[in-house]
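The structure file coords.pdb is reproduced below (PDB, C-alpha atoms and all ligand atoms).
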MODEL        1
ATOM      1  CA  MET R   1      43.092 -15.189   0.813  1.00  0.00           C
ATOM      2  CA  HIS R   2      42.738 -12.798   3.743  1.00  0.00           C
ATOM      3  CA  LEU R   3      41.380 -13.631   7.146  1.00  0.00           C
ATOM      4  CA  VAL R   4      38.820 -11.064   8.204  1.00  0.00           C
ATOM      5  CA  SER R   5      37.137 -10.967  11.617  1.00  0.00           C
ATOM      6  CA  PHE R   6      34.039  -9.004  12.513  1.00  0.00           C
ATOM      7  CA  ARG R   7      31.023  -9.052  14.738  1.00  0.00           C
ATOM      8  CA  ILE R   8      27.831  -9.927  12.927  1.00  0.00           C
ATOM      9  CA  ASN R   9      24.377  -9.930  14.488  1.00  0.00           C
ATOM     10  CA  GLY R  10      26.075 -10.166  17.862  1.00  0.00           C
ATOM     11  CA  ASP R  11      28.407 -13.065  17.004  1.00  0.00           C
ATOM     12  CA  GLU R  12      32.162 -12.927  16.426  1.00  0.00           C
ATOM     13  CA  ARG R  13      33.007 -14.486  13.062  1.00  0.00           C
ATOM     14  CA  SER R  14      36.153 -14.974  10.996  1.00  0.00           C
ATOM     15  CA  LEU R  15      36.252 -15.700   7.288  1.00  0.00           C
ATOM     16  CA  ALA R  16      38.989 -16.357   4.754  1.00  0.00           C
ATOM     17  CA  VAL R  17      38.086 -14.251   1.724  1.00  0.00           C
ATOM     18  CA  GLU R  18      39.654 -13.068  -1.490  1.00  0.00           C
ATOM     19  CA  PRO R  19      40.413  -9.332  -1.379  1.00  0.00           C
ATOM     20  CA  ARG R  20      37.818  -8.723  -4.117  1.00  0.00           C
ATOM     21  CA  ARG R  21      34.977 -10.521  -2.323  1.00  0.00           C
ATOM     22  CA  THR R  22      32.080  -8.240  -1.534  1.00  0.00           C
ATOM     23  CA  LEU R  23      30.389  -8.208   1.821  1.00  0.00           C
ATOM     24  CA  LEU R  24      27.189  -9.157  -0.009  1.00  0.00           C
ATOM     25  CA  ASP R  25      28.674 -12.354  -1.418  1.00  0.00           C
ATOM     26  CA  ALA R  26      30.328 -13.150   1.911  1.00  0.00           C
ATOM     27  CA  LEU R  27      26.990 -12.772   3.696  1.00  0.00           C
ATOM     28  CA  ARG R  28      24.945 -14.794   1.259  1.00  0.00           C
ATOM     29  CA  ALA R  29      27.406 -17.472   0.126  1.00  0.00           C
ATOM     30  CA  ASP R  30      29.821 -17.846   3.042  1.00  0.00           C
ATOM     31  CA  LEU R  31      27.560 -17.115   6.012  1.00  0.00           C
ATOM     32  CA  ALA R  32      24.215 -18.296   4.536  1.00  0.00           C
ATOM     33  CA  LEU R  33      22.598 -15.007   5.526  1.00  0.00           C
ATOM     34  CA  THR R  34      20.364 -14.777   2.476  1.00  0.00           C
ATOM     35  CA  GLY R  35      17.946 -12.225   3.911  1.00  0.00           C
ATOM     36  CA  THR R  36      20.181  -9.563   2.376  1.00  0.00           C
ATOM     37  CA  LYS R  37      19.176  -9.522  -1.285  1.00  0.00           C
ATOM     38  CA  LYS R  38      21.323  -9.333  -4.390  1.00  0.00           C
ATOM     39  CA  VAL R  39      19.685  -7.561  -7.288  1.00  0.00           C
ATOM     40  CA  CYS R  40      21.770  -5.052  -9.268  1.00  0.00           C
ATOM     41  CA  ASP R  41      25.104  -5.823  -7.545  1.00  0.00           C
ATOM     42  CA  MET R  42      26.290  -2.342  -8.479  1.00  0.00           C
ATOM     43  CA  GLY R  43      24.903   0.136  -5.973  1.00  0.00           C
ATOM     44  CA  ASP R  44      21.714   1.068  -7.773  1.00  0.00           C
ATOM     45  CA  CYS R  45      18.844  -0.645  -5.955  1.00  0.00           C
ATOM     46  CA  GLY R  46      19.497  -0.830  -2.202  1.00  0.00           C
ATOM     47  CA  ALA R  47      18.289  -4.420  -1.859  1.00  0.00           C
ATOM     48  CA  CYS R  48      21.599  -5.323  -0.218  1.00  0.00           C
ATOM     49  CA  THR R  49      21.456  -2.646   2.503  1.00  0.00           C
ATOM     50  CA  VAL R  50      22.972  -3.688   5.836  1.00  0.00           C
ATOM     51  CA  LEU R  51      24.283  -1.770   8.835  1.00  0.00           C
ATOM     52  CA  LEU R  52      28.026  -1.336   9.210  1.00  0.00           C
ATOM     53  CA  ASP R  53      28.844   0.187  12.586  1.00  0.00           C
ATOM     54  CA  GLY R  54      25.241   1.341  12.663  1.00  0.00           C
ATOM     55  CA  ARG R  55      25.206   3.073   9.284  1.00  0.00           C
ATOM     56  CA  ALA R  56      23.317   1.889   6.229  1.00  0.00           C
ATOM     57  CA  VAL R  57      25.663   0.707   3.476  1.00  0.00           C
ATOM     58  CA  TYR R  58      25.299  -1.213   0.252  1.00  0.00           C
ATOM     59  CA  ALA R  59      26.842  -4.615   0.907  1.00  0.00           C
ATOM     60  CA  CYS R  60      27.498  -5.006  -2.836  1.00  0.00           C
ATOM     61  CA  LEU R  61      29.794  -1.966  -2.752  1.00  0.00           C
ATOM     62  CA  THR R  62      31.558  -2.982   0.465  1.00  0.00           C
ATOM     63  CA  LEU R  63      34.539  -5.291   0.434  1.00  0.00           C
ATOM     64  CA  ALA R  64      34.495  -7.998   3.071  1.00  0.00           C
ATOM     65  CA  VAL R  65      38.133  -7.228   3.948  1.00  0.00           C
ATOM     66  CA  ASP R  66      37.111  -3.678   4.834  1.00  0.00           C
ATOM     67  CA  CYS R  67      34.884  -5.067   7.601  1.00  0.00           C
ATOM     68  CA  GLU R  68      37.808  -6.109   9.807  1.00  0.00           C
ATOM     69  CA  GLY R  69      36.897  -5.296  13.409  1.00  0.00           C
ATOM     70  CA  ARG R  70      33.566  -3.766  12.390  1.00  0.00           C
ATOM     71  CA  GLU R  71      30.040  -4.481  13.566  1.00  0.00           C
ATOM     72  CA  ILE R  72      27.606  -5.708  10.915  1.00  0.00           C
ATOM     73  CA  THR R  73      23.866  -6.046  11.317  1.00  0.00           C
ATOM     74  CA  THR R  74      21.715  -7.796   8.733  1.00  0.00           C
ATOM     75  CA  ILE R  75      17.975  -8.318   8.623  1.00  0.00           C
ATOM     76  CA  GLU R  76      18.506 -11.639  10.443  1.00  0.00           C
ATOM     77  CA  GLY R  77      19.904  -9.735  13.413  1.00  0.00           C
ATOM     78  CA  LEU R  78      16.822  -7.647  14.160  1.00  0.00           C
ATOM     79  CA  ALA R  79      14.267 -10.052  15.589  1.00  0.00           C
ATOM     80  CA  HIS R  80      14.615 -11.491  19.073  1.00  0.00           C
ATOM     81  CA  GLY R  81      13.624 -15.126  18.689  1.00  0.00           C
ATOM     82  CA  ASN R  82      10.064 -15.115  17.419  1.00  0.00           C
ATOM     83  CA  GLU R  83       9.555 -11.484  18.381  1.00  0.00           C
ATOM     84  CA  LEU R  84       9.897  -9.088  15.488  1.00  0.00           C
ATOM     85  CA  ASP R  85      11.884  -5.893  15.821  1.00  0.00           C
ATOM     86  CA  PRO R  86       9.665  -2.757  15.959  1.00  0.00           C
ATOM     87  CA  VAL R  87      10.679  -1.745  12.437  1.00  0.00           C
ATOM     88  CA  GLN R  88       9.772  -5.182  11.101  1.00  0.00           C
ATOM     89  CA  ARG R  89       6.440  -5.008  12.943  1.00  0.00           C
ATOM     90  CA  ALA R  90       5.765  -1.598  11.464  1.00  0.00           C
ATOM     91  CA  PHE R  91       6.235  -2.925   7.925  1.00  0.00           C
ATOM     92  CA  VAL R  92       3.722  -5.693   8.639  1.00  0.00           C
ATOM     93  CA  GLU R  93       1.224  -3.299  10.226  1.00  0.00           C
ATOM     94  CA  ALA R  94       1.528  -0.775   7.400  1.00  0.00           C
ATOM     95  CA  ASP R  95       1.311  -3.461   4.698  1.00  0.00           C
ATOM     96  CA  ALA R  96       4.495  -1.951   3.283  1.00  0.00           C
ATOM     97  CA  TYR R  97       5.409  -4.610   0.735  1.00  0.00           C
ATOM     98  CA  GLN R  98       4.068  -6.698  -2.095  1.00  0.00           C
ATOM     99  CA  CYS R  99       6.702  -9.177  -3.340  1.00  0.00           C
ATOM    100  CA  GLY R 100       8.888  -8.319  -0.345  1.00  0.00           C
ATOM    101  CA  PHE R 101      12.166  -8.466  -2.232  1.00  0.00           C
ATOM    102  CA  CYS R 102      13.187  -4.905  -1.390  1.00  0.00           C
ATOM    103  CA  THR R 103      11.826  -5.128   2.160  1.00  0.00           C
ATOM    104  CA  PRO R 104      14.953  -6.218   4.076  1.00  0.00           C
ATOM    105  CA  GLY R 105      16.879  -3.300   2.606  1.00  0.00           C
ATOM    106  CA  GLN R 106      14.062  -0.861   3.336  1.00  0.00           C
ATOM    107  CA  ILE R 107      13.883  -2.071   6.940  1.00  0.00           C
ATOM    108  CA  MET R 108      17.632  -1.698   7.415  1.00  0.00           C
ATOM    109  CA  SER R 109      17.515   1.858   6.053  1.00  0.00           C
ATOM    110  CA  ILE R 110      14.703   2.822   8.425  1.00  0.00           C
ATOM    111  CA  THR R 111      16.552   1.138  11.301  1.00  0.00           C
ATOM    112  CA  ALA R 112      19.648   3.232  10.589  1.00  0.00           C
ATOM    113  CA  LEU R 113      17.530   6.388  10.416  1.00  0.00           C
ATOM    114  CA  LEU R 114      15.814   5.740  13.741  1.00  0.00           C
ATOM    115  CA  ALA R 115      19.135   5.081  15.446  1.00  0.00           C
ATOM    116  CA  GLU R 116      20.152   8.641  14.578  1.00  0.00           C
ATOM    117  CA  GLN R 117      16.806  10.430  14.519  1.00  0.00           C
ATOM    118  CA  SER R 118      14.111   9.067  16.804  1.00  0.00           C
ATOM    119  CA  ALA R 119      11.341  11.330  15.516  1.00  0.00           C
ATOM    120  CA  PRO R 120      11.976  11.722  11.788  1.00  0.00           C
ATOM    121  CA  THR R 121       9.842  13.876   9.553  1.00  0.00           C
ATOM    122  CA  GLU R 122       8.159  12.394   6.501  1.00  0.00           C
ATOM    123  CA  ASP R 123      10.862  14.010   4.347  1.00  0.00           C
ATOM    124  CA  GLU R 124      13.585  12.414   6.440  1.00  0.00           C
ATOM    125  CA  ILE R 125      11.938   9.015   6.073  1.00  0.00           C
ATOM    126  CA  ARG R 126      11.665   9.498   2.310  1.00  0.00           C
ATOM    127  CA  ARG R 127      15.333  10.509   2.177  1.00  0.00           C
ATOM    128  CA  ALA R 128      16.365   7.504   4.268  1.00  0.00           C
ATOM    129  CA  VAL R 129      14.792   5.073   1.783  1.00  0.00           C
ATOM    130  CA  SER R 130      15.619   7.104  -1.316  1.00  0.00           C
ATOM    131  CA  GLY R 131      18.406   4.636  -2.086  1.00  0.00           C
ATOM    132  CA  ASN R 132      16.053   1.661  -1.907  1.00  0.00           C
ATOM    133  CA  LEU R 133      14.100   0.938  -5.069  1.00  0.00           C
ATOM    134  CA  CYS R 134      10.761  -0.838  -4.844  1.00  0.00           C
ATOM    135  CA  ARG R 135       9.688  -2.324  -8.126  1.00  0.00           C
ATOM    136  CA  CYS R 136       6.223  -2.969  -6.719  1.00  0.00           C
ATOM    137  CA  GLY R 137       5.751   0.731  -5.995  1.00  0.00           C
ATOM    138  CA  ALA R 138       4.920   0.278  -2.314  1.00  0.00           C
ATOM    139  CA  TYR R 139       6.451   3.649  -1.476  1.00  0.00           C
ATOM    140  CA  GLN R 140       3.405   5.222   0.199  1.00  0.00           C
ATOM    141  CA  ASN R 141       3.109   2.417   2.712  1.00  0.00           C
ATOM    142  CA  ILE R 142       6.876   2.237   3.180  1.00  0.00           C
ATOM    143  CA  VAL R 143       6.739   5.845   4.409  1.00  0.00           C
ATOM    144  CA  LYS R 144       3.799   4.947   6.676  1.00  0.00           C
ATOM    145  CA  ALA R 145       5.852   2.032   7.988  1.00  0.00           C
ATOM    146  CA  GLY R 146       8.681   4.440   8.783  1.00  0.00           C
ATOM    147  CA  GLN R 147       6.284   6.649  10.735  1.00  0.00           C
ATOM    148  CA  ARG R 148       4.805   3.663  12.566  1.00  0.00           C
ATOM    149  CA  ALA R 149       8.277   2.311  13.298  1.00  0.00           C
ATOM    150  CA  ALA R 150       9.221   5.614  14.932  1.00  0.00           C
ATOM    151  CA  GLU R 151       6.138   5.316  17.180  1.00  0.00           C
ATOM    152  CA  LEU R 152       6.921   1.711  18.099  1.00  0.00           C
ATOM    153  CA  VAL R 153      10.602   2.422  18.791  1.00  0.00           C
ATOM    154  CA  ALA R 154       9.663   5.442  20.926  1.00  0.00           C
ATOM    155  CA  ALA R 155       7.207   3.303  22.899  1.00  0.00           C
ATOM    156  CA  THR R 156       9.857   0.645  23.412  1.00  0.00           C
ATOM    157  CA  ARG R 157      12.350   3.228  24.654  1.00  0.00           C
ATOM    158  CA  THR R 158       9.755   4.719  26.995  1.00  0.00           C
ATOM    159  CA  ASN R 159       9.284   1.266  28.434  1.00  0.00           C
ATOM    160  CA  GLY R 160      12.936   1.229  29.393  1.00  0.00           C
ATOM    161  CA  SER R 161      14.732  -0.689  26.681  1.00  0.00           C
ATOM    162  CA  ASN R 162      16.505   0.381  23.527  1.00  0.00           C
ATOM    163  CA  ALA R 163      14.883  -1.346  20.580  1.00  0.00           C
ATOM    164  CA  ASN R 164      17.982  -0.871  18.468  1.00  0.00           C
ATOM    165  CA  GLY R 165      20.431  -2.168  21.061  1.00  0.00           C
ATOM    166  CA  SER R 166      24.048  -1.468  20.289  1.00  0.00           C
ATOM    167  CA  ARG R 167      23.281  -0.171  16.817  1.00  0.00           C
ATOM    168  CA  ALA R 168      22.177   3.190  18.169  1.00  0.00           C
ATOM    169  CA  SER R 169      25.332   3.817  20.134  1.00  0.00           C
ATOM    170  CA  ALA R 170      27.501   2.479  17.359  1.00  0.00           C
ATOM    171  CA  ALA R 171      25.890   4.840  14.875  1.00  0.00           C
ATOM    172  CA  ALA R 172      26.615   7.825  17.041  1.00  0.00           C
ATOM    173  CA  GLY R 173      30.351   7.350  16.864  1.00  0.00           C
ATOM    174  CA  ALA R 174      30.822   5.806  13.459  1.00  0.00           C
ATOM    175  CA  GLY R 175      32.854   7.432  10.725  1.00  0.00           C
ATOM    176  CA  ASP R 176      32.155   7.196   7.015  1.00  0.00           C
ATOM    177  CA  ALA R 177      31.682   3.609   6.043  1.00  0.00           C
ATOM    178  CA  PRO R 178      32.753   1.920   2.828  1.00  0.00           C
ATOM    179  CA  GLY R 179      29.821   1.172   0.563  1.00  0.00           C
ATOM    180  CA  GLY R 180      28.265   4.425   1.747  1.00  0.00           C
ATOM    181  CA  ARG R 181      24.939   5.319   0.284  1.00  0.00           C
ATOM    182  CA  ARG R 182      24.400   8.098  -2.143  1.00  0.00           C
TER     183      ARG R 182
HETATM  184  S1  LIG U   1      22.401  -5.234  -4.930  1.00  0.00           S
HETATM  185 FE1  LIG U   1      21.571  -3.353  -5.682  1.00  0.00          FE
HETATM  186  S2  LIG U   1      22.593  -1.831  -4.488  1.00  0.00           S
HETATM  187 FE2  LIG U   1      23.520  -3.677  -3.889  1.00  0.00          FE
HETATM  188  S1  LIG U   2       7.732  -4.940  -2.400  1.00  0.00           S
HETATM  189 FE1  LIG U   2       8.343  -5.783  -4.328  1.00  0.00          FE
HETATM  190  S2  LIG U   2      10.130  -4.661  -4.834  1.00  0.00           S
HETATM  191 FE2  LIG U   2       9.373  -3.650  -3.071  1.00  0.00          FE
ENDMDL
END

Would you encode the structure as structure tokens?
Amino acid sequence: MHLVSFRINGDERSLAVEPRRTLLDALRADLALTGTKKVCDMGDCGACTVLLDGRAVYACLTLAVDCEGREITTIEGLAHGNELDPVQRAFVEADAYQCGFCTPGQIMSITALLAEQSAPTEDEIRRAVSGNLCRCGAYQNIVKAGQRAAELVAATRTNGSNANGSRASAAAGAGDAPGGRR
């Protein structure tokens, strides 16, 4: 077993994990953060998307031991108490889901995009979620949610606070992350 320490959703955590344990299994089974979904478990669907140092990665392709000293953000880390994050609000407003199973991953991908590009084009939004499959075919409204999220994040920034907190600054300086998206 290896002891791995990281910062997750703002909290410092340490876990003893086998070297082969994926970040996805560590999140869901060891940390009870089940908002990150496990579907294909092989890098095909994007349901497990989380932020690692601000960049979207597939948690199923990321080893927990590779997260030593890193900053992880999961869907549970976006809301502030009962107040939804702007990207989460945008998905509700745009009715961008049906079963909702892909939604956490979609939201994390849009969050990573907006941390790097505050006014994305429709093509950039489509590219950002191109690694996130939606079996319900909610793609049109997912793109609308991305556009609405950009508006809400811009409004939040204009009001003097950064809706994405440390994720934005972390993204700016991050190198290539394991579990990187295709
Ligand atoms: S669970 Fe499908 S990409 Fe990770
Ligand atoms: S809303 Fe059902 S898989 Fe996307």

Please build the interface table for chain R against ligand LIG 1 (chain U) with a cut-off of 12 Å, listing for each qualifying residue the nearest atom pair and the distance in Å to one decimal; count all atoms listed in the file, order rows by chain and increasing number, and write it as a tab-separated table.
residue	atom	partner	partner_atom	distance
R:Thr22	CA	U:LIG1	FE2	10.0
R:Leu23	CA	U:LIG1	FE2	10.0
R:Leu24	CA	U:LIG1	FE2	7.7
R:Asp25	CA	U:LIG1	S1	10.1
R:Arg28	CA	U:LIG1	S1	11.7
R:Thr36	CA	U:LIG1	S1	8.8
R:Lys37	CA	U:LIG1	S1	6.5
R:Lys38	CA	U:LIG1	S1	4.3
R:Val39	CA	U:LIG1	S1	4.3
R:Cys40	CA	U:LIG1	FE1	4.0
R:Asp41	CA	U:LIG1	S1	3.8
R:Met42	CA	U:LIG1	S2	5.5
R:Gly43	CA	U:LIG1	S2	3.4
R:Asp44	CA	U:LIG1	S2	4.5
R:Cys45	CA	U:LIG1	FE1	3.9
R:Gly46	CA	U:LIG1	S2	4.0
R:Ala47	CA	U:LIG1	FE1	5.2
R:Cys48	CA	U:LIG1	FE2	4.5
R:Thr49	CA	U:LIG1	FE2	6.8
R:Val50	CA	U:LIG1	FE2	9.7
R:Ala56	CA	U:LIG1	S2	11.4
R:Val57	CA	U:LIG1	FE2	8.8
R:Tyr58	CA	U:LIG1	FE2	5.1
R:Ala59	CA	U:LIG1	FE2	5.9
R:Cys60	CA	U:LIG1	FE2	4.3
R:Leu61	CA	U:LIG1	FE2	6.6
R:Thr62	CA	U:LIG1	FE2	9.2
R:Leu63	CA	U:LIG1	FE2	11.9
R:Phe101	CA	U:LIG1	S1	11.1
R:Cys102	CA	U:LIG1	FE1	9.5
R:Pro104	CA	U:LIG1	S1	11.7
R:Gly105	CA	U:LIG1	S2	9.2
R:Gln106	CA	U:LIG1	S2	11.6
R:Ser130	CA	U:LIG1	S2	11.8
R:Gly131	CA	U:LIG1	S2	8.1
R:Asn132	CA	U:LIG1	S2	7.9
R:Leu133	CA	U:LIG1	FE1	8.6
R:Cys134	CA	U:LIG1	FE1	11.1
R:Gly179	CA	U:LIG1	FE2	9.1
R:Gly180	CA	U:LIG1	S2	10.5
R:Arg181	CA	U:LIG1	S2	8.9
R:Arg182	CA	U:LIG1	S2	10.4

Given a cut-off of 6 Å, what residues near ligand LIG 2 (chain U) show up using all atoms listed in the file, put as a PyMOL selection string?
-> chain R and resi 97-103+134-136+138

Fewer than 6 positions away in the same chain doesn't count, so skip those; otherwise give me all residues within 7 Å of Ile8 (chain R), counting all atoms listed in the file, as a ChimeraX atom specification.
-> /R:71-73

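The result of the PyMOL selection byres (((chain R and resi 7) around 8) and not hetatm) on the shown file is Ser5, Phe6, Ile8, Asn9, Gly10, Asp11, Glu12, Arg13, Gly69, Arg70, Glu71 and Ile72 of chain R.
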
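At a cut-off of 12 Å from (15.9, -11.2, 10.1), the residue set is Asn9, Leu33, Thr34, Gly35, Thr36, Lys37, Val50, Thr73, Thr74, Ile75, Glu76, Gly77, Leu78, Ala79, His80, Gly81, Asn82, Glu83, Leu84, Asp85, Val87, Gln88, Arg89, Thr103, Pro104, Gly105, Ile107 and Met108 of chain R (counting only C-alpha atoms).
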
Report the distance between CA of Ala94 (chain R) and CA of Glu124 (chain R) in Å, rounded to one decimal place.
-> 17.9 Å

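For the pair CA of Ser118 (chain R) and CA of Cys67 (chain R), the interatomic distance is 26.8 Å.
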
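Those residues returned by the PyMOL selection byres (((chain R and resi 3) around 12) and not hetatm) for this file are Met1, His2, Val4, Ser5, Phe6, Arg13, Ser14, Leu15, Ala16, Val17, Glu18, Pro19, Arg21, Ala64, Val65, Asp66, Cys67, Glu68 and Gly69 of chain R.
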